[in-house]
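Taking it in order: structure first as structure tokens, then the write-up.
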Amino acid sequence: MPKISLKYNDKVIKEIVLTDAVVNIGRKADNDLVIDNLAVSSHHARIARVDGAFVIQDTGSTNGIFLNGEKISQHALAYGDQIMIGKHVVVFEDDVAAAPPPPAAEGRGTVRFGRYEVVKEIGHGAMGTVYLAKDTVGRRNVAVKTLKPSGVDAQELEDMKARFFREAESAKQLAHPAIVRVYDAGEEQGTAYFAMELLDGATLKDFCAKRGLLTVKRAVEITAFVADALAYAHAKTVVHRDVKPENIMILSNGDVKITDLGVAKLMDATQTQSGVVLGTPNYMSPEQLIGQKVDGRSDLFSLGVVFYELLTGVRPFQANNISEMLRLHDAHTPPAPSTIRAEVPPSVDAITLRALQRDLAERYQNGEQMAKDLRAVMHGL
């Protein structure tokens with residue numbers, strides 16, 4: 001079961017197990033979680049379950065709430081998220097003691113998902129767990145992702161599994177050097193899972209956080225690899241829907257890979273409900289923000305946002321919620337990257353701004369075209 005832990009100076013002050021009931025947070029005594037600090041408003045925030053996801057919302061506080069260091073007004077939570085309210089930290093966690101263990105092979109203590117023998121857990125989120133596992137048939141190490149969402153009823157779970165397997169089948173058809181391979185999908189004792197390529201590297205977000213601003217040439221190179229991969233996926237009628245630095249991996253050998261391609265549609269369908277969009281809207285295309293049906297050009301807009309950020313260190317559009325972002329798209333034209341970083345040449349400016357066009361007809365129509373333009377400018381860098 002999910003829970004929140006209120007911490008101050010790394011000491012746990014109070015824990016609340018989350019249910020369907022709304023949890024109100026603030027300084028006044030009538031809140032469920034009282035934080036006695038002048039930096040905290042009387043009624044600061046609340047956490048509620050919305051279609052299976054727990055969502056935190058600012059309820060008109062003076063100083064705001066910060067999720068993992070970023071100021072937000074409303075956001076769905078994932079395990080491990082840290083919410084800064086005043087000088088206190090509220091951590092969204094899994095109450096591990098209440099969680100059922102993963103499936104074990106009959107008559108043995110070994111944990112298995114089909115033919116995959118678990119070595120250890122390597123990640124955990126609101127939708128399930130990621131394991132390092134051994135493929136007992138293919139004789140290789142793989143990553144196994146499970147679908148084990150909290151707070152959904154039996155029928156919702158069955159619907160999610162059906163979509164999960166459809167998207168996993170689509171993802172299995174993708175074989176491209178810059179796309180993480182999905183090998184297999186199955187179900188073990190009621191837990192849906194898929195096995196995928198195990199990667200040695202870091203997300204683009206973490207890679208840039210450690211290294212700082214990349215050279216213009218390296219930024220162009222990475223974006224070209226991703227554009228190529230998206231062109232391939234789009235030709236197979238697979239749209240990512242969640243292109244962002246966290247879903248791009250830089251491997252230890254320098255290779256670039258897109259993760260969660262083909263699975264993002266499942267996450268979008270099951271977690272984006274009632275006007276709540278999981279993840280920051282800062283990378284989404286205008287058409288995705290308003291809930292229109294999207295195609296590959298939406299992914300290229302998102303890639304344009306990533307490219308702009310790689311070049312300048314800032315995103316072209318920054319807002320706390322979807323309404324603000326839509327107003328920005330209507331009224332704001334981002335400045336050319338060269339106005340922020342003088343060494344960016346006009347040719348790179350042109351590619352970036354074309355990818356970010358609000359009008360679909362003015363945007364890149366396919367990833368192949370964008371990758372071609374990127375590689376053409378690389379020779380002069």
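FYI, nothing fancy with the structure tokens labels: chains A, B, ... in order, residues from 1 per chain, ligands from 1 as they appear.
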7 Å contact set for region 289-302 of chain A, only C-alpha atoms, chain neighbours under 2 positions out, as a VMD selection string: chain A and resid 234 239 to 241 243 to 244 283 to 287 304 to 306 322 355 to 356 364 to 367
If you keep N, CA and C atoms, can you produce a file of those selected residues as a PDB file, in the first residue's frame?
```pdb
ATOM      1  N   HIS A 234       7.739   5.250 -36.038  1.00  0.00           N
ATOM      2  CA  HIS A 234       6.544   5.831 -36.662  1.00  0.00           C
ATOM      3  C   HIS A 234       6.155   5.068 -37.928  1.00  0.00           C
ATOM      4  N   VAL A 239       3.775   5.304 -31.854  1.00  0.00           N
ATOM      5  CA  VAL A 239       4.068   6.662 -31.402  1.00  0.00           C
ATOM      6  C   VAL A 239       4.468   6.582 -29.930  1.00  0.00           C
ATOM      7  N   HIS A 240       5.538   7.276 -29.573  1.00  0.00           N
ATOM      8  CA  HIS A 240       6.043   7.160 -28.204  1.00  0.00           C
ATOM      9  C   HIS A 240       5.145   7.835 -27.180  1.00  0.00           C
ATOM     10  N   ARG A 241       4.825   9.118 -27.407  1.00  0.00           N
ATOM     11  CA  ARG A 241       3.956   9.933 -26.542  1.00  0.00           C
ATOM     12  C   ARG A 241       4.634  10.478 -25.285  1.00  0.00           C
ATOM     13  N   VAL A 243       8.375  11.433 -25.097  1.00  0.00           N
ATOM     14  CA  VAL A 243       9.788  11.691 -25.377  1.00  0.00           C
ATOM     15  C   VAL A 243      10.283  12.780 -24.429  1.00  0.00           C
ATOM     16  N   LYS A 244      11.253  12.453 -23.605  1.00  0.00           N
ATOM     17  CA  LYS A 244      11.830  13.388 -22.634  1.00  0.00           C
ATOM     18  C   LYS A 244      13.180  12.835 -22.203  1.00  0.00           C
ATOM     19  N   TYR A 283       7.242  18.909 -22.018  1.00  0.00           N
ATOM     20  CA  TYR A 283       7.747  18.289 -23.244  1.00  0.00           C
ATOM     21  C   TYR A 283       6.626  17.921 -24.219  1.00  0.00           C
ATOM     22  N   MET A 284       5.384  18.170 -23.847  1.00  0.00           N
ATOM     23  CA  MET A 284       4.265  17.722 -24.667  1.00  0.00           C
ATOM     24  C   MET A 284       3.942  18.704 -25.789  1.00  0.00           C
ATOM     25  N   SER A 285       3.475  18.160 -26.897  1.00  0.00           N
ATOM     26  CA  SER A 285       3.035  18.992 -28.012  1.00  0.00           C
ATOM     27  C   SER A 285       1.702  19.641 -27.668  1.00  0.00           C
ATOM     28  N   PRO A 286       1.361  20.755 -28.342  1.00  0.00           N
ATOM     29  CA  PRO A 286       0.067  21.404 -28.079  1.00  0.00           C
ATOM     30  C   PRO A 286      -1.114  20.460 -28.283  1.00  0.00           C
ATOM     31  N   GLU A 287      -1.049  19.628 -29.328  1.00  0.00           N
ATOM     32  CA  GLU A 287      -2.178  18.746 -29.612  1.00  0.00           C
ATOM     33  C   GLU A 287      -2.315  17.654 -28.544  1.00  0.00           C
ATOM     34  N   GLY A 304      12.040  18.220 -30.159  1.00  0.00           N
ATOM     35  CA  GLY A 304      12.498  19.597 -30.314  1.00  0.00           C
ATOM     36  C   GLY A 304      12.703  20.280 -28.971  1.00  0.00           C
ATOM     37  N   VAL A 305      11.820  19.993 -28.013  1.00  0.00           N
ATOM     38  CA  VAL A 305      11.975  20.546 -26.658  1.00  0.00           C
ATOM     39  C   VAL A 305      13.248  20.010 -26.013  1.00  0.00           C
ATOM     40  N   VAL A 306      13.468  18.694 -26.148  1.00  0.00           N
ATOM     41  CA  VAL A 306      14.683  18.075 -25.601  1.00  0.00           C
ATOM     42  C   VAL A 306      15.923  18.698 -26.239  1.00  0.00           C
ATOM     43  N   ILE A 322      -1.141  22.316 -17.174  1.00  0.00           N
ATOM     44  CA  ILE A 322      -1.510  22.263 -18.586  1.00  0.00           C
ATOM     45  C   ILE A 322      -2.108  23.582 -19.062  1.00  0.00           C
ATOM     46  N   ALA A 355      11.107  22.276 -35.426  1.00  0.00           N
ATOM     47  CA  ALA A 355      10.554  21.164 -34.644  1.00  0.00           C
ATOM     48  C   ALA A 355       9.516  21.643 -33.638  1.00  0.00           C
ATOM     49  N   LEU A 356       9.644  22.911 -33.210  1.00  0.00           N
ATOM     50  CA  LEU A 356       8.766  23.451 -32.162  1.00  0.00           C
ATOM     51  C   LEU A 356       7.572  24.234 -32.710  1.00  0.00           C
ATOM     52  N   TYR A 364       8.360  19.531 -38.644  1.00  0.00           N
ATOM     53  CA  TYR A 364       8.900  18.380 -39.367  1.00  0.00           C
ATOM     54  C   TYR A 364       7.819  17.325 -39.504  1.00  0.00           C
ATOM     55  N   GLN A 365       7.694  16.770 -40.688  1.00  0.00           N
ATOM     56  CA  GLN A 365       6.645  15.785 -40.952  1.00  0.00           C
ATOM     57  C   GLN A 365       7.072  14.362 -40.629  1.00  0.00           C
ATOM     58  N   ASN A 366       8.379  14.133 -40.555  1.00  0.00           N
ATOM     59  CA  ASN A 366       8.865  12.801 -40.190  1.00  0.00           C
ATOM     60  C   ASN A 366      10.268  12.911 -39.596  1.00  0.00           C
ATOM     61  N   GLY A 367      10.639  11.913 -38.819  1.00  0.00           N
ATOM     62  CA  GLY A 367      11.932  11.915 -38.152  1.00  0.00           C
ATOM     63  C   GLY A 367      13.101  11.799 -39.106  1.00  0.00           C
TER      64      GLY A 367
END
```
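Proximity ranking of A:Leu303, A:Ala371, A:Val182, A:Leu213 relative to Tyr232 (chain A) places A:Ala371 first, based on only C-alpha atoms.
All residues of protein, DNA or RNA that reach within 7 Å of region 2-10 of chain A, judged by only C-alpha atoms and not counting those fewer than 3 positions away in the chain, are Ile13, Lys14, Glu15, Ile16, Val17, Leu18, His88, Val89, Val90, Val91, Phe92, Glu93, Asp94 and Asp95 of chain A.
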Based on the selection just made, write all heavy atoms of those residues as a CSV table (one decimal), in the first residue's frame.
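What landed in out00.csv:
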```
chain,number,residue,atom,x,y,z
A,13,ILE,N,8.5,12.0,11.1
A,13,ILE,CA,7.7,12.5,12.2
A,13,ILE,C,6.3,11.9,12.2
A,13,ILE,O,5.7,11.6,13.2
A,13,ILE,CB,7.5,14.1,11.9
A,13,ILE,CG1,8.8,14.8,12.0
A,13,ILE,CG2,6.5,14.7,12.9
A,13,ILE,CD1,8.8,16.2,11.6
A,14,LYS,N,5.8,11.6,11.0
A,14,LYS,CA,4.5,10.9,10.9
A,14,LYS,C,4.4,10.2,9.6
A,14,LYS,O,4.9,10.6,8.6
A,14,LYS,CB,3.4,12.0,11.0
A,14,LYS,CG,2.0,11.4,11.0
A,14,LYS,CD,0.9,12.4,11.3
A,14,LYS,CE,-0.5,11.8,11.3
A,14,LYS,NZ,-1.6,12.8,11.6
A,15,GLU,N,3.6,9.1,9.6
A,15,GLU,CA,3.3,8.3,8.4
A,15,GLU,C,1.8,8.2,8.2
A,15,GLU,O,1.1,8.0,9.2
A,15,GLU,CB,4.0,7.0,8.4
A,15,GLU,CG,5.5,7.0,8.4
A,15,GLU,CD,6.1,5.6,8.3
A,15,GLU,OE1,5.4,4.6,8.7
A,15,GLU,OE2,7.3,5.5,8.0
A,16,ILE,N,1.4,8.3,7.0
A,16,ILE,CA,-0.1,8.1,6.7
A,16,ILE,C,-0.2,7.1,5.5
A,16,ILE,O,0.4,7.3,4.5
A,16,ILE,CB,-0.8,9.4,6.3
A,16,ILE,CG1,-0.8,10.3,7.5
A,16,ILE,CG2,-2.2,9.1,5.9
A,16,ILE,CD1,-1.4,11.7,7.2
A,17,VAL,N,-0.9,6.0,5.7
A,17,VAL,CA,-1.2,5.0,4.6
A,17,VAL,C,-2.3,5.6,3.8
A,17,VAL,O,-3.3,6.0,4.3
A,17,VAL,CB,-1.5,3.6,5.2
A,17,VAL,CG1,-1.9,2.7,4.0
A,17,VAL,CG2,-0.4,3.0,5.9
A,18,LEU,N,-2.1,5.7,2.5
A,18,LEU,CA,-3.1,6.3,1.6
A,18,LEU,C,-4.2,5.4,1.2
A,18,LEU,O,-3.9,4.2,0.8
A,18,LEU,CB,-2.3,6.9,0.4
A,18,LEU,CG,-1.3,7.9,0.6
A,18,LEU,CD1,-0.6,8.4,-0.7
A,18,LEU,CD2,-1.9,9.2,1.3
A,88,HIS,N,9.9,21.1,5.5
A,88,HIS,CA,9.7,19.7,5.7
A,88,HIS,C,9.6,19.0,4.3
A,88,HIS,O,9.3,19.6,3.3
A,88,HIS,CB,8.3,19.5,6.4
A,88,HIS,CG,8.4,19.9,7.8
A,88,HIS,ND1,8.5,21.2,8.2
A,88,HIS,CD2,8.3,19.2,9.0
A,88,HIS,CE1,8.5,21.3,9.6
A,88,HIS,NE2,8.4,20.0,10.1
A,89,VAL,N,9.9,17.7,4.4
A,89,VAL,CA,9.8,16.8,3.2
A,89,VAL,C,8.7,15.8,3.4
A,89,VAL,O,8.7,15.1,4.5
A,89,VAL,CB,11.2,16.2,2.9
A,89,VAL,CG1,11.1,15.2,1.7
A,89,VAL,CG2,12.2,17.2,2.6
A,90,VAL,N,7.9,15.6,2.4
A,90,VAL,CA,6.9,14.5,2.4
A,90,VAL,C,7.3,13.6,1.3
A,90,VAL,O,7.4,13.9,0.2
A,90,VAL,CB,5.5,15.1,2.2
A,90,VAL,CG1,4.5,13.9,2.1
A,90,VAL,CG2,5.0,16.0,3.3
A,91,VAL,N,7.5,12.3,1.7
A,91,VAL,CA,8.0,11.3,0.8
A,91,VAL,C,6.9,10.3,0.4
A,91,VAL,O,6.2,9.8,1.3
A,91,VAL,CB,9.2,10.5,1.3
A,91,VAL,CG1,9.7,9.5,0.3
A,91,VAL,CG2,10.3,11.5,1.7
A,92,PHE,N,6.6,10.1,-0.9
A,92,PHE,CA,5.6,9.2,-1.3
A,92,PHE,C,6.3,7.8,-1.5
A,92,PHE,O,7.3,7.6,-2.2
A,92,PHE,CB,5.0,9.6,-2.6
A,92,PHE,CG,4.0,8.7,-3.2
A,92,PHE,CD1,2.7,8.5,-2.5
A,92,PHE,CD2,4.2,8.0,-4.4
A,92,PHE,CE1,1.7,7.7,-3.0
A,92,PHE,CE2,3.2,7.1,-4.9
A,92,PHE,CZ,2.0,7.0,-4.2
A,93,GLU,N,5.9,6.8,-0.7
A,93,GLU,CA,6.6,5.5,-0.6
A,93,GLU,C,5.6,4.4,-0.7
A,93,GLU,O,4.4,4.5,-0.6
A,93,GLU,CB,7.3,5.4,0.7
A,93,GLU,CG,8.4,6.5,1.0
A,93,GLU,CD,9.0,6.4,2.4
A,93,GLU,OE1,8.2,6.5,3.4
A,93,GLU,OE2,10.2,6.3,2.4
A,94,ASP,N,6.2,3.2,-1.0
A,94,ASP,CA,5.4,2.0,-0.9
A,94,ASP,C,5.6,1.4,0.5
A,94,ASP,O,6.7,1.2,1.0
A,94,ASP,CB,6.0,1.0,-2.0
A,94,ASP,CG,5.1,-0.2,-2.1
A,94,ASP,OD1,4.0,-0.3,-1.6
A,94,ASP,OD2,5.6,-1.2,-2.7
A,95,ASP,N,4.5,1.0,1.1
A,95,ASP,CA,4.6,0.4,2.4
A,95,ASP,C,4.9,-1.1,2.1
A,95,ASP,O,4.1,-2.0,1.9
A,95,ASP,CB,3.2,0.5,3.1
A,95,ASP,CG,3.3,0.0,4.5
A,95,ASP,OD1,4.3,-0.5,4.9
A,95,ASP,OD2,2.3,0.1,5.2
```
Strand (DSSP E or B) call set, DSSP backbone run, region 85-220 of chain A, as a PyMOL selection string: chain A and resi 85+88-94+104+111-113+116-125+128-135+140-147+179+182-188+191-197+201-203
Residues within 8 Å of region 199-206 of chain A, only C-alpha atoms, excluding chain neighbours under 6 positions, as a PyMOL selection string: chain A and resi 245-252
Once you have the residues from the selection above, write them out as a short mmCIF file (atom, residue, chain, number, x, y, z; two decimals), in the first residue's frame, restricted to N, CA, C and O atoms.
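Dumped to result_26.cif:
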```cif
data_model
loop_
_atom_site.label_atom_id
_atom_site.label_comp_id
_atom_site.auth_asym_id
_atom_site.auth_seq_id
_atom_site.Cartn_x
_atom_site.Cartn_y
_atom_site.Cartn_z
N PRO A 245 14.01 13.62 -21.55
CA PRO A 245 15.36 13.16 -21.19
C PRO A 245 15.38 11.90 -20.34
O PRO A 245 16.32 11.10 -20.44
N GLU A 246 14.35 11.70 -19.50
CA GLU A 246 14.30 10.50 -18.67
C GLU A 246 14.08 9.23 -19.48
O GLU A 246 14.37 8.13 -18.99
N ASN A 247 13.57 9.35 -20.71
CA ASN A 247 13.31 8.19 -21.55
C ASN A 247 14.33 8.04 -22.68
O ASN A 247 14.07 7.33 -23.66
N ILE A 248 15.45 8.71 -22.54
CA ILE A 248 16.56 8.56 -23.49
C ILE A 248 17.78 8.15 -22.68
O ILE A 248 18.11 8.78 -21.68
N MET A 249 18.43 7.07 -23.09
CA MET A 249 19.59 6.55 -22.36
C MET A 249 20.87 6.81 -23.14
O MET A 249 20.91 6.66 -24.36
N ILE A 250 21.91 7.20 -22.40
CA ILE A 250 23.25 7.29 -22.96
C ILE A 250 24.05 6.14 -22.36
O ILE A 250 24.27 6.09 -21.14
N LEU A 251 24.44 5.19 -23.18
CA LEU A 251 25.13 4.00 -22.69
C LEU A 251 26.59 4.31 -22.38
O LEU A 251 27.14 5.32 -22.81
N SER A 252 27.21 3.41 -21.65
CA SER A 252 28.60 3.61 -21.24
C SER A 252 29.54 3.70 -22.43
O SER A 252 30.62 4.30 -22.34
#
```
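With only C-alpha atoms as the atoms that count, the minimum distance from Arg166 (chain A) to the choices A:Val142, A:Ala350, A:Val344, A:Ala192 is reached by A:Ala192.
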